[in-house]
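Listing of data.pdb, PDB, C-alpha atoms
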ATOM      1  CA  MET A   3       0.000   0.000   0.000
ATOM      2  CA  GLU A   4       1.089   3.576  -0.621
ATOM      3  CA  THR A   5       2.247   5.687   2.291
ATOM      4  CA  VAL A   6      -0.046   8.330   3.740
ATOM      5  CA  ILE A   7       2.395  11.077   2.858
ATOM      6  CA  ASP A   8       2.454  10.009  -0.808
ATOM      7  CA  LEU A   9      -1.324   9.653  -0.925
ATOM      8  CA  ILE A  10      -1.682  13.216   0.342
ATOM      9  CA  LYS A  11       0.962  14.667  -1.946
ATOM     10  CA  ASN A  12      -0.488  12.943  -5.021
ATOM     11  CA  SER A  13      -4.098  13.896  -4.315
ATOM     12  CA  GLN A  14      -5.649  16.230  -6.868
ATOM     13  CA  ARG A  15      -7.833  17.813  -4.200
ATOM     14  CA  THR A  16      -7.930  18.181  -0.443
ATOM     15  CA  ALA A  17      -7.539  14.589   0.727
ATOM     16  CA  PHE A  18     -10.329  12.950   2.730
ATOM     17  CA  SER A  19      -9.720  10.467   5.541
ATOM     18  CA  PHE A  20     -11.447   9.334   8.692
ATOM     19  CA  GLU A  21     -10.915   7.426  11.915
ATOM     20  CA  ILE A  22     -12.869   4.426  13.190
ATOM     21  CA  LEU A  23     -12.969   2.483  16.450
ATOM     22  CA  PRO A  24     -12.747  -1.309  16.609
ATOM     23  CA  PRO A  25     -16.050  -2.856  17.740
ATOM     24  CA  LEU A  26     -16.559  -3.596  21.403
ATOM     25  CA  LYS A  27     -15.295  -7.005  22.484
ATOM     26  CA  GLY A  28     -17.690  -9.692  21.308
ATOM     27  CA  ASN A  29     -19.246  -7.580  18.548
ATOM     28  CA  SER A  30     -18.987  -8.134  14.811
ATOM     29  CA  ILE A  31     -16.607  -6.342  12.430
ATOM     30  CA  GLN A  32     -19.689  -5.569  10.338
ATOM     31  CA  SER A  33     -20.153  -2.353  12.321
ATOM     32  CA  VAL A  34     -16.775  -1.197  10.976
ATOM     33  CA  TYR A  35     -17.739  -2.130   7.432
ATOM     34  CA  GLN A  36     -21.005  -0.218   7.772
ATOM     35  CA  VAL A  37     -19.140   2.999   8.564
ATOM     36  CA  ILE A  38     -16.703   2.471   5.690
ATOM     37  CA  ASP A  39     -19.530   1.671   3.253
ATOM     38  CA  LYS A  40     -21.218   4.886   4.322
ATOM     39  CA  LEU A  41     -18.139   7.007   3.579
ATOM     40  CA  ARG A  42     -16.113   5.266   0.870
ATOM     41  CA  GLU A  43     -17.885   7.057  -2.020
ATOM     42  CA  PHE A  44     -15.847  10.134  -1.026
ATOM     43  CA  GLU A  45     -12.653   8.242  -1.866
ATOM     44  CA  PRO A  46     -10.855   8.207   1.476
ATOM     45  CA  LYS A  47      -7.122   8.164   0.977
ATOM     46  CA  TYR A  48      -6.669   6.223   4.215
ATOM     47  CA  ILE A  49      -8.597   5.038   7.263
ATOM     48  CA  ASN A  50      -7.250   5.222  10.814
ATOM     49  CA  ILE A  51      -8.032   2.535  13.391
ATOM     50  CA  THR A  52      -7.789   3.469  17.043
ATOM     51  CA  SER A  53      -6.048   1.239  19.574
ATOM     52  CA  HIS A  54      -7.165   0.744  23.173
ATOM     53  CA  HIS A  55      -5.286  -0.569  26.179
ATOM     54  CA  SER A  56      -6.830  -2.733  28.864
ATOM     55  CA  GLU A  57      -8.747  -0.894  31.559
ATOM     56  CA  VAL A  58      -8.784  -1.604  35.270
ATOM     57  CA  ILE A  59     -12.338  -2.412  36.296
ATOM     58  CA  GLN A  60     -14.038  -3.742  39.403
ATOM     59  CA  ARG A  61     -16.108  -6.885  38.801
ATOM     60  CA  GLU A  62     -18.543  -8.379  41.296
ATOM     61  CA  GLU A  63     -18.206 -12.138  41.793
ATOM     62  CA  PRO A  64     -21.173 -14.513  42.421
ATOM     63  CA  ASP A  65     -20.319 -14.572  46.128
ATOM     64  CA  GLY A  66     -20.578 -10.778  46.312
ATOM     65  CA  SER A  67     -16.834 -10.127  46.511
ATOM     66  CA  ILE A  68     -15.177  -7.563  44.258
ATOM     67  CA  ARG A  69     -12.338  -8.566  41.976
ATOM     68  CA  THR A  70     -10.050  -6.188  40.069
ATOM     69  CA  VAL A  71      -9.516  -7.260  36.469
ATOM     70  CA  ASN A  72      -7.988  -5.843  33.301
ATOM     71  CA  LEU A  73     -10.371  -5.744  30.345
ATOM     72  CA  ARG A  74      -9.586  -4.623  26.805
ATOM     73  CA  LYS A  75     -12.931  -3.359  25.562
ATOM     74  CA  ARG A  76     -11.950  -2.845  21.917
ATOM     75  CA  PRO A  77      -9.383  -5.427  20.762
ATOM     76  CA  GLY A  78      -8.541  -6.191  17.147
ATOM     77  CA  SER A  79      -6.866  -3.081  15.700
ATOM     78  CA  VAL A  80      -4.197  -5.058  13.836
ATOM     79  CA  ALA A  81      -6.678  -7.521  12.352
ATOM     80  CA  ILE A  82      -9.089  -4.754  11.364
ATOM     81  CA  ALA A  83      -6.308  -2.853   9.586
ATOM     82  CA  SER A  84      -5.488  -5.927   7.530
ATOM     83  CA  ALA A  85      -9.178  -6.646   6.862
ATOM     84  CA  ILE A  86      -9.755  -3.105   5.571
ATOM     85  CA  GLN A  87      -6.846  -3.310   3.153
ATOM     86  CA  ASN A  88      -7.882  -6.739   1.905
ATOM     87  CA  LYS A  89     -11.595  -5.952   1.550
ATOM     88  CA  TYR A  90     -11.479  -2.380   0.264
ATOM     89  CA  GLY A  91      -7.959  -1.793  -1.047
ATOM     90  CA  ILE A  92      -7.807   1.370   1.074
ATOM     91  CA  THR A  93      -4.668   2.169   3.036
ATOM     92  CA  ALA A  94      -5.208   1.384   6.714
ATOM     93  CA  VAL A  95      -3.406   3.267   9.486
ATOM     94  CA  PRO A  96      -3.603   1.524  12.860
ATOM     95  CA  HIS A  97      -2.761   3.574  15.912
ATOM     96  CA  LEU A  98       0.214   2.393  17.906
ATOM     97  CA  VAL A  99       0.124   3.599  21.517
ATOM     98  CA  CYS A 100       2.737   3.179  24.218
ATOM     99  CA  LYS A 101       0.549   3.533  27.315
ATOM    100  CA  GLY A 102      -0.938   0.200  28.298
ATOM    101  CA  PHE A 103       1.179  -1.825  25.878
ATOM    102  CA  THR A 104       4.588  -3.230  26.804
ATOM    103  CA  LYS A 105       7.630  -2.750  24.612
ATOM    104  CA  ASP A 106       7.481  -6.459  23.817
ATOM    105  CA  GLU A 107       3.816  -6.257  22.823
ATOM    106  CA  THR A 108       4.689  -3.348  20.579
ATOM    107  CA  GLU A 109       7.444  -5.339  18.888
ATOM    108  CA  TYR A 110       5.137  -8.305  18.317
ATOM    109  CA  GLY A 111       2.556  -5.923  16.870
ATOM    110  CA  LEU A 112       5.122  -4.469  14.488
ATOM    111  CA  ILE A 113       6.116  -7.963  13.377
ATOM    112  CA  ASP A 114       2.474  -8.906  12.728
ATOM    113  CA  LEU A 115       1.795  -5.686  10.825
ATOM    114  CA  ASN A 116       4.920  -6.181   8.740
ATOM    115  CA  PHE A 117       3.806  -9.712   7.823
ATOM    116  CA  LEU A 118       0.328  -8.421   6.913
ATOM    117  CA  GLY A 119       1.603  -5.647   4.652
ATOM    118  CA  VAL A 120       0.260  -2.856   6.867
ATOM    119  CA  ASN A 121       3.079  -0.342   6.762
ATOM    120  CA  ASN A 122       1.433   2.930   7.829
ATOM    121  CA  LEU A 123       1.090   3.880  11.505
ATOM    122  CA  LEU A 124       0.002   6.733  13.722
ATOM    123  CA  LEU A 125       2.193   6.817  16.845
ATOM    124  CA  LEU A 126       0.577   8.126  20.026
ATOM    125  CA  ARG A 127       1.130   8.142  23.739
ATOM    126  CA  GLY A 128      -2.421   6.999  24.385
ATOM    127  CA  ASP A 129      -4.963   7.643  27.094
ATOM    128  CA  VAL A 130      -3.731   7.164  30.665
ATOM    129  CA  LYS A 131      -7.196   7.032  32.226
ATOM    130  CA  ARG A 132      -8.118   3.700  33.818
ATOM    131  CA  LEU A 133      -4.590   2.455  33.225
ATOM    132  CA  ASP A 134      -3.108  -0.194  35.496
ATOM    133  CA  LEU A 135      -0.159   1.642  37.048
ATOM    134  CA  THR A 136       0.949  -1.239  39.283
ATOM    135  CA  LYS A 137       3.066  -2.963  36.634
ATOM    136  CA  ASP A 138       6.794  -2.410  36.204
ATOM    137  CA  PRO A 139       7.238   0.965  34.433
ATOM    138  CA  GLU A 140      10.401  -0.354  32.767
ATOM    139  CA  TRP A 141       8.181  -2.486  30.553
ATOM    140  CA  TYR A 142       6.540   0.563  28.995
ATOM    141  CA  HIS A 143       7.430   3.700  27.082
ATOM    142  CA  ASP A 144       6.657   6.994  28.802
ATOM    143  CA  HIS A 145       6.220   9.158  25.723
ATOM    144  CA  ALA A 146       5.286   8.879  22.063
ATOM    145  CA  THR A 147       8.832   9.936  21.187
ATOM    146  CA  ASP A 148      10.129   6.841  23.038
ATOM    147  CA  LEU A 149       7.748   4.667  21.034
ATOM    148  CA  GLN A 150       8.974   6.456  17.933
ATOM    149  CA  GLN A 151      12.530   5.380  18.675
ATOM    150  CA  GLN A 152      11.461   1.738  18.917
ATOM    151  CA  VAL A 153       9.744   1.971  15.518
ATOM    152  CA  ASN A 154      12.806   3.674  14.050
ATOM    153  CA  ASN A 155      15.019   0.881  15.366
ATOM    154  CA  PHE A 156      12.658  -1.735  13.948
ATOM    155  CA  ASN A 157      12.858  -0.013  10.565
ATOM    156  CA  ARG A 158      16.656  -0.258  10.828
ATOM    157  CA  GLY A 159      16.392  -3.980  11.570
ATOM    158  CA  ILE A 160      17.166  -3.727  15.289
ATOM    159  CA  ALA A 161      15.013  -5.653  17.788
ATOM    160  CA  LEU A 162      14.407  -4.654  21.399
ATOM    161  CA  ASP A 163      17.132  -6.999  22.614
ATOM    162  CA  GLY A 164      19.577  -5.671  20.034
ATOM    163  CA  SER A 165      19.353  -8.700  17.772
ATOM    164  CA  ALA A 166      18.867  -8.348  14.020
ATOM    165  CA  ILE A 167      15.457  -8.301  12.343
ATOM    166  CA  GLU A 168      15.964  -9.503   8.793
ATOM    167  CA  ASP A 169      13.983  -8.986   5.613
ATOM    168  CA  ILE A 170      11.719  -6.105   6.579
ATOM    169  CA  GLU A 171      10.000  -5.767   3.223
ATOM    170  CA  THR A 172       8.612  -2.258   3.753
ATOM    171  CA  PRO A 173       9.737  -0.008   6.614
ATOM    172  CA  PHE A 174       6.936   1.661   8.522
ATOM    173  CA  SER A 175       5.873   5.146   7.511
ATOM    174  CA  TYR A 176       4.192   7.066  10.296
ATOM    175  CA  GLY A 177       2.599  10.263  11.480
ATOM    176  CA  MET A 178       2.186  11.620  15.004
ATOM    177  CA  ALA A 179      -0.138  13.921  16.933
ATOM    178  CA  CYS A 180       0.002  17.642  17.590
ATOM    179  CA  TYR A 181      -2.131  20.062  19.573
ATOM    180  CA  PRO A 182      -3.107  23.501  18.193
ATOM    181  CA  GLU A 183      -4.389  24.480  21.641
ATOM    182  CA  MET A 184      -1.581  22.786  23.603
ATOM    183  CA  HIS A 185      -1.473  19.327  25.145
ATOM    184  CA  GLU A 186      -3.122  19.203  28.557
ATOM    185  CA  GLU A 187       0.157  18.235  30.264
ATOM    186  CA  ALA A 188       2.434  20.651  28.410
ATOM    187  CA  LEU A 189       4.210  23.278  30.504
ATOM    188  CA  SER A 190       3.713  25.921  27.824
ATOM    189  CA  MET A 191       2.879  26.320  24.157
ATOM    190  CA  GLU A 192       6.588  26.788  23.485
ATOM    191  CA  SER A 193       7.473  23.439  25.034
ATOM    192  CA  ASP A 194       4.605  21.734  23.195
ATOM    193  CA  ILE A 195       5.829  23.091  19.863
ATOM    194  CA  ARG A 196       9.352  21.980  20.731
ATOM    195  CA  TYR A 197       8.141  18.391  21.240
ATOM    196  CA  ALA A 198       6.089  18.476  18.036
ATOM    197  CA  LYS A 199       9.177  19.639  16.172
ATOM    198  CA  MET A 200      11.206  16.837  17.798
ATOM    199  CA  LYS A 201       8.736  14.267  16.468
ATOM    200  CA  VAL A 202       9.332  15.513  12.937
ATOM    201  CA  GLU A 203      13.098  15.699  13.356
ATOM    202  CA  ASN A 204      13.055  12.066  14.521
ATOM    203  CA  GLY A 205      11.089  10.806  11.535
ATOM    204  CA  ALA A 206       7.383  11.683  11.642
ATOM    205  CA  GLU A 207       6.332  12.325   8.046
ATOM    206  CA  TYR A 208       3.215  14.285   8.942
ATOM    207  CA  LEU A 209       1.302  15.507  11.988
ATOM    208  CA  VAL A 210      -2.418  15.181  12.739
ATOM    209  CA  THR A 211      -4.055  17.658  15.087
ATOM    210  CA  GLN A 212      -6.297  17.079  18.032
ATOM    211  CA  MET A 213      -9.833  18.158  17.108
ATOM    212  CA  PHE A 214     -10.436  21.897  17.042
ATOM    213  CA  PHE A 215     -13.299  24.194  16.083
ATOM    214  CA  ASP A 216     -11.510  27.500  15.524
ATOM    215  CA  ASN A 217      -9.511  27.630  12.284
ATOM    216  CA  ASP A 218      -7.579  30.699  13.401
ATOM    217  CA  ARG A 219      -6.058  28.654  16.227
ATOM    218  CA  TYR A 220      -5.007  26.004  13.711
ATOM    219  CA  ASP A 221      -3.481  28.669  11.445
ATOM    220  CA  ALA A 222      -1.590  30.233  14.342
ATOM    221  CA  PHE A 223      -0.196  26.844  15.338
ATOM    222  CA  VAL A 224       0.881  26.013  11.776
ATOM    223  CA  ALA A 225       2.543  29.424  11.449
ATOM    224  CA  ARG A 226       4.578  28.827  14.608
ATOM    225  CA  MET A 227       5.594  25.362  13.424
ATOM    226  CA  ARG A 228       6.670  26.743  10.062
ATOM    227  CA  ALA A 229       8.667  29.444  11.833
ATOM    228  CA  GLU A 230      10.489  26.583  13.606
ATOM    229  CA  GLY A 231      11.395  25.074  10.252
ATOM    230  CA  VAL A 232       8.798  22.287  10.279
ATOM    231  CA  THR A 233       7.661  21.675   6.696
ATOM    232  CA  VAL A 234       5.706  18.388   6.887
ATOM    233  CA  PRO A 235       1.926  18.409   6.323
ATOM    234  CA  ILE A 236      -0.062  19.339   9.431
ATOM    235  CA  ILE A 237      -3.430  17.694   8.914
ATOM    236  CA  PRO A 238      -6.450  19.231  10.652
ATOM    237  CA  GLY A 239      -8.497  16.768  12.706
ATOM    238  CA  ILE A 240     -12.193  17.670  12.587
ATOM    239  CA  LYS A 241     -15.300  16.363  14.359
ATOM    240  CA  PRO A 242     -18.877  17.531  13.828
ATOM    241  CA  ILE A 243     -20.867  18.126  16.991
ATOM    242  CA  VAL A 244     -23.623  15.520  17.372
ATOM    243  CA  PHE A 245     -25.007  15.936  20.900
ATOM    244  CA  LYS A 246     -26.067  19.021  22.818
ATOM    245  CA  ASP A 247     -24.011  18.098  25.891
ATOM    246  CA  GLN A 248     -20.816  18.066  23.803
ATOM    247  CA  LEU A 249     -20.751  21.817  24.345
ATOM    248  CA  THR A 250     -19.388  21.078  27.826
ATOM    249  CA  VAL A 251     -18.057  17.526  27.418
ATOM    250  CA  ILE A 252     -15.661  18.026  24.482
ATOM    251  CA  PRO A 253     -13.747  21.025  25.896
ATOM    252  CA  LYS A 254     -13.335  19.188  29.203
ATOM    253  CA  ILE A 255     -12.058  15.933  27.675
ATOM    254  CA  PHE A 256     -10.101  17.206  24.693
ATOM    255  CA  HIS A 257      -9.025  20.622  25.993
ATOM    256  CA  CYS A 258     -10.191  22.580  22.986
ATOM    257  CA  THR A 259     -12.255  25.751  22.872
ATOM    258  CA  PHE A 260     -15.489  26.529  21.051
ATOM    259  CA  PRO A 261     -15.756  29.849  19.203
ATOM    260  CA  GLU A 262     -18.474  32.055  20.653
ATOM    261  CA  PRO A 263     -20.825  31.788  17.611
ATOM    262  CA  LEU A 264     -20.769  27.977  17.888
ATOM    263  CA  THR A 265     -21.302  28.162  21.646
ATOM    264  CA  GLN A 266     -24.300  30.458  21.252
ATOM    265  CA  ALA A 267     -25.837  28.304  18.515
ATOM    266  CA  LEU A 268     -25.526  25.150  20.625
ATOM    267  CA  ARG A 269     -26.965  26.862  23.713
ATOM    268  CA  GLN A 270     -30.081  27.675  21.745
ATOM    269  CA  CYS A 271     -30.607  24.033  20.755
ATOM    270  CA  LYS A 272     -33.536  22.317  22.470
ATOM    271  CA  ASN A 273     -32.434  18.752  21.732
ATOM    272  CA  ASP A 274     -29.756  16.585  20.128
ATOM    273  CA  ASP A 275     -31.357  16.743  16.683
ATOM    274  CA  GLU A 276     -30.991  20.521  16.648
ATOM    275  CA  ALA A 277     -27.433  20.254  17.974
ATOM    276  CA  LYS A 278     -26.578  17.744  15.243
ATOM    277  CA  ALA A 279     -27.871  20.143  12.576
ATOM    278  CA  VAL A 280     -25.774  22.966  14.052
ATOM    279  CA  GLY A 281     -22.755  20.663  14.136
ATOM    280  CA  ILE A 282     -23.110  19.766  10.464
ATOM    281  CA  GLU A 283     -23.555  23.399   9.436
ATOM    282  CA  TRP A 284     -20.529  24.513  11.463
ATOM    283  CA  CYS A 285     -18.392  21.644  10.195
ATOM    284  CA  ILE A 286     -19.239  22.399   6.548
ATOM    285  CA  ALA A 287     -18.272  26.045   7.005
ATOM    286  CA  GLN A 288     -15.120  25.109   8.924
ATOM    287  CA  CYS A 289     -13.992  22.631   6.251
ATOM    288  CA  ARG A 290     -14.729  25.011   3.396
ATOM    289  CA  ASP A 291     -12.631  27.636   5.122
ATOM    290  CA  LEU A 292      -9.789  25.161   5.710
ATOM    291  CA  MET A 293      -9.847  24.247   2.023
ATOM    292  CA  LYS A 294      -9.602  27.930   1.086
ATOM    293  CA  ARG A 295      -6.589  28.178   3.377
ATOM    294  CA  GLY A 296      -4.965  25.357   1.393
ATOM    295  CA  VAL A 297      -4.842  22.476   3.874
ATOM    296  CA  PRO A 298      -3.496  19.304   2.229
ATOM    297  CA  SER A 299      -6.025  16.983   3.849
ATOM    298  CA  ILE A 300      -8.905  16.891   6.319
ATOM    299  CA  HIS A 301      -9.142  14.012   8.783
ATOM    300  CA  PHE A 302     -12.530  13.306  10.382
ATOM    301  CA  TYR A 303     -13.109  11.782  13.808
ATOM    302  CA  SER A 304     -16.200   9.736  13.005
ATOM    303  CA  PHE A 305     -17.024   8.016  16.314
ATOM    304  CA  LEU A 306     -20.793   8.445  16.850
ATOM    305  CA  ALA A 307     -20.687  10.976  14.012
ATOM    306  CA  SER A 308     -20.428   8.971  10.774
ATOM    307  CA  ASP A 309     -23.854  10.164   9.571
ATOM    308  CA  SER A 310     -22.809  13.775  10.141
ATOM    309  CA  VAL A 311     -19.432  13.211   8.454
ATOM    310  CA  ARG A 312     -21.321  11.842   5.453
ATOM    311  CA  GLN A 313     -23.536  14.931   5.310
ATOM    312  CA  VAL A 314     -20.473  17.189   5.476
ATOM    313  CA  ALA A 315     -18.544  15.193   2.865
ATOM    314  CA  LYS A 316     -21.514  15.276   0.448
ATOM    315  CA  ILE A 317     -21.247  19.070   0.428
ATOM    316  CA  ILE A 318     -17.508  19.682   0.472
ATOM    317  CA  TYR A 319     -16.354  16.716  -1.630
TER     318      TYR A 319
END

Any chance you could give the structure as structure tokens?
Amino acid sequence: METVIDLIKNSQRTAFSFEILPPLKGNSIQSVYQVIDKLREFEPKYINITSHHSEVIQREEPDGSIRTVNLRKRPGSVAIASAIQNKYGITAVPHLVCKGFTKDETEYGLIDLNFLGVNNLLLLRGDVKRLDLTKDPEWYHDHATDLQQQVNNFNRGIALDGSAIEDIETPFSYGMACYPEMHEEALSMESDIRYAKMKVENGAEYLVTQMFFDNDRYDAFVARMRAEGVTVPIIPGIKPIVFKDQLTVIPKIFHCTFPEPLTQALRQCKNDDEAKAVGIEWCIAQCRDLMKRGVPSIHFYSFLASDSVRQVAKIIY
């Protein structure tokens, strides 16, 4: 499969892509196919598949006692990536996260992906919520840049234990995340930009932003990155609002701000249907404006929003 960076560069128009979640444990892959079938007419250049670590949960036993267990609610990212490429011929980009996955598990995942011909990745730190912190921290990477080094070594044919990995047919091409409104744990915007620049210097071929709703904030971030000498594509990550309560939920979880006109429009909504309509209208206007500003690609976060993404794509693509 072609690399994401080549797919973007060779696109005759603003590239379209979207992200999906693996189905909940025990559910069919058909739910994934339904989302893809809904959106593939817009010729997605690639499809991202999220990855989820095990969560620490409390489970009640038949005798009434409480047992702590680790449960991975959405397994199957590697298999789904391969299934997408085989079924649709669309480049699949599984997320590779360091939190909740050991260095060994990461290496085994890279080996499997290499065998399957899945050679595009998005490298992320991953969510730390509900993470089992009792295990030996030496088994895990702390940061996405540490994970990046492991992937770089794998591409060079170097295993975790220093032994040789032979016959890697296609080295992994990968992108990484960036935050137009600053990562929640960053000390300052300057330090956040410094880390984003480091990701590129160490091999990230493109960056994908956290979702945002104010294009001026995206432009300001890109301008600062360009001033630092970063030239790789910085792909805007976009999500249409679907539910009325997302006015308060999204800023709290994802640490992004809503422009005042969007805030006012959502406050006037009486129900989720009205909020969904506002979200589609705002997203269409936001994407049109991004296209005018010359973005190379738009990446949609489609979880619980695939119908809205379809409505947006019908207008702008």

Could you check how far atom CA of A:Val210 sits from atom CA of A:His257, in Å to one decimal?
->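 Separating atom CA of A:Val210 from atom CA of A:His257 is a distance of 15.8 Å.
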
Result set, the PyMOL selection byres ((chain A and resi 307) around 12) on current file, as a ChimeraX atom specification | /A:20-23,37,40-41,240-245,278-279,281-282,285,302-306,308-314

With a distance cut-off of 8 Å and all atoms listed in the file, select the neighbouring residues of A:Val6, excluding the residue or stretch itself and same-chain residues fewer than 2 positions from it, and output the selection as a PDB file with C-alpha atoms, in the frame of the given file.
ATOM      1  CA  GLU A   4       1.089   3.576  -0.621  1.00  0.00           C
ATOM      2  CA  ASP A   8       2.454  10.009  -0.808  1.00  0.00           C
ATOM      3  CA  LEU A   9      -1.324   9.653  -0.925  1.00  0.00           C
ATOM      4  CA  ILE A  10      -1.682  13.216   0.342  1.00  0.00           C
ATOM      5  CA  LYS A  47      -7.122   8.164   0.977  1.00  0.00           C
ATOM      6  CA  TYR A  48      -6.669   6.223   4.215  1.00  0.00           C
ATOM      7  CA  THR A  93      -4.668   2.169   3.036  1.00  0.00           C
ATOM      8  CA  ASN A 122       1.433   2.930   7.829  1.00  0.00           C
ATOM      9  CA  SER A 175       5.873   5.146   7.511  1.00  0.00           C
ATOM     10  CA  TYR A 176       4.192   7.066  10.296  1.00  0.00           C
TER      11      TYR A 176
END

Would you translate the PyMOL selection byres ((chain A and resi 232) around 12) into the concrete set of residues it matches in this file, as an mmCIF file with C-alpha atoms, keeping the file's coordinate frame?
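To be explicit, this is the file written out as part.cif:
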data_model
loop_
_atom_site.group_PDB
_atom_site.id
_atom_site.type_symbol
_atom_site.label_atom_id
_atom_site.label_comp_id
_atom_site.auth_asym_id
_atom_site.auth_seq_id
_atom_site.Cartn_x
_atom_site.Cartn_y
_atom_site.Cartn_z
ATOM 1 C CA ILE A 195 5.829 23.091 19.863
ATOM 2 C CA ARG A 196 9.352 21.980 20.731
ATOM 3 C CA TYR A 197 8.141 18.391 21.240
ATOM 4 C CA ALA A 198 6.089 18.476 18.036
ATOM 5 C CA LYS A 199 9.177 19.639 16.172
ATOM 6 C CA MET A 200 11.206 16.837 17.798
ATOM 7 C CA LYS A 201 8.736 14.267 16.468
ATOM 8 C CA VAL A 202 9.332 15.513 12.937
ATOM 9 C CA GLU A 203 13.098 15.699 13.356
ATOM 10 C CA ASN A 204 13.055 12.066 14.521
ATOM 11 C CA GLY A 205 11.089 10.806 11.535
ATOM 12 C CA ALA A 206 7.383 11.683 11.642
ATOM 13 C CA GLU A 207 6.332 12.325 8.046
ATOM 14 C CA TYR A 208 3.215 14.285 8.942
ATOM 15 C CA LEU A 209 1.302 15.507 11.988
ATOM 16 C CA PHE A 223 -0.196 26.844 15.338
ATOM 17 C CA VAL A 224 0.881 26.013 11.776
ATOM 18 C CA ALA A 225 2.543 29.424 11.449
ATOM 19 C CA ARG A 226 4.578 28.827 14.608
ATOM 20 C CA MET A 227 5.594 25.362 13.424
ATOM 21 C CA ARG A 228 6.670 26.743 10.062
ATOM 22 C CA ALA A 229 8.667 29.444 11.833
ATOM 23 C CA GLU A 230 10.489 26.583 13.606
ATOM 24 C CA GLY A 231 11.395 25.074 10.252
ATOM 25 C CA THR A 233 7.661 21.675 6.696
ATOM 26 C CA VAL A 234 5.706 18.388 6.887
ATOM 27 C CA PRO A 235 1.926 18.409 6.323
ATOM 28 C CA ILE A 236 -0.062 19.339 9.431
#

So how far away is atom CA of A:Arg69 from atom CA of A:Thr52, in Å?
->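 For atom CA of A:Thr52 relative to atom CA of A:Arg69, the distance reads 28.1 Å.
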
Determine the nearest neighbour of A:Met3 from the options A:Asp65, A:Glu171, A:Asp138, A:Asp163, counting all atoms listed in the file.
->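 Of the candidates, the smallest distance to A:Met3 is held by A:Glu171.
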
Expanded to explicit residues, what is the PyMOL selection byres ((chain A and resi 292) around 12) for this file, as a tab-separated table (two decimals) with C-alpha atoms, keeping the file's coordinate frame?
chain	number	residue	atom	x	y	z
A	16	THR	CA	-7.93	18.18	-0.44
A	17	ALA	CA	-7.54	14.59	0.73
A	214	PHE	CA	-10.44	21.90	17.04
A	215	PHE	CA	-13.30	24.19	16.08
A	216	ASP	CA	-11.51	27.50	15.52
A	217	ASN	CA	-9.51	27.63	12.28
A	218	ASP	CA	-7.58	30.70	13.40
A	219	ARG	CA	-6.06	28.65	16.23
A	220	TYR	CA	-5.01	26.00	13.71
A	221	ASP	CA	-3.48	28.67	11.44
A	236	ILE	CA	-0.06	19.34	9.43
A	237	ILE	CA	-3.43	17.69	8.91
A	238	PRO	CA	-6.45	19.23	10.65
A	239	GLY	CA	-8.50	16.77	12.71
A	240	ILE	CA	-12.19	17.67	12.59
A	285	CYS	CA	-18.39	21.64	10.20
A	286	ILE	CA	-19.24	22.40	6.55
A	287	ALA	CA	-18.27	26.04	7.00
A	288	GLN	CA	-15.12	25.11	8.92
A	289	CYS	CA	-13.99	22.63	6.25
A	290	ARG	CA	-14.73	25.01	3.40
A	291	ASP	CA	-12.63	27.64	5.12
A	293	MET	CA	-9.85	24.25	2.02
A	294	LYS	CA	-9.60	27.93	1.09
A	295	ARG	CA	-6.59	28.18	3.38
A	296	GLY	CA	-4.96	25.36	1.39
A	297	VAL	CA	-4.84	22.48	3.87
A	298	PRO	CA	-3.50	19.30	2.23
A	299	SER	CA	-6.02	16.98	3.85
A	300	ILE	CA	-8.90	16.89	6.32
A	301	HIS	CA	-9.14	14.01	8.78
A	318	ILE	CA	-17.51	19.68	0.47

Neighbours of A:Gly159 within 8 Å (only C-alpha atoms; same-chain residues fewer than 4 positions away dropped), as a PyMOL selection string?
-> chain A and resi 155+166-168+170

File output, stretch 193-199 of chain A (N, CA, C and O atoms) as a CSV table (one decimal), in the first residue's frame:
chain,number,residue,atom,x,y,z
A,193,SER,N,7.0,24.8,24.8
A,193,SER,CA,7.5,23.4,25.0
A,193,SER,C,6.7,22.4,24.2
A,193,SER,O,7.3,21.5,23.7
A,194,ASP,N,5.4,22.6,24.0
A,194,ASP,CA,4.6,21.7,23.2
A,194,ASP,C,5.1,21.8,21.7
A,194,ASP,O,5.2,20.7,21.1
A,195,ILE,N,5.3,23.0,21.2
A,195,ILE,CA,5.8,23.1,19.9
A,195,ILE,C,7.2,22.5,19.7
A,195,ILE,O,7.5,21.8,18.7
A,196,ARG,N,8.0,22.6,20.8
A,196,ARG,CA,9.4,22.0,20.7
A,196,ARG,C,9.2,20.5,20.6
A,196,ARG,O,10.0,19.8,19.8
A,197,TYR,N,8.3,19.8,21.3
A,197,TYR,CA,8.1,18.4,21.2
A,197,TYR,C,7.6,18.0,19.9
A,197,TYR,O,7.9,16.9,19.3
A,198,ALA,N,6.6,18.8,19.4
A,198,ALA,CA,6.1,18.5,18.0
A,198,ALA,C,7.2,18.5,17.0
A,198,ALA,O,7.3,17.7,16.1
A,199,LYS,N,8.1,19.5,17.1
A,199,LYS,CA,9.2,19.6,16.2
A,199,LYS,C,10.1,18.4,16.3
A,199,LYS,O,10.6,17.9,15.3
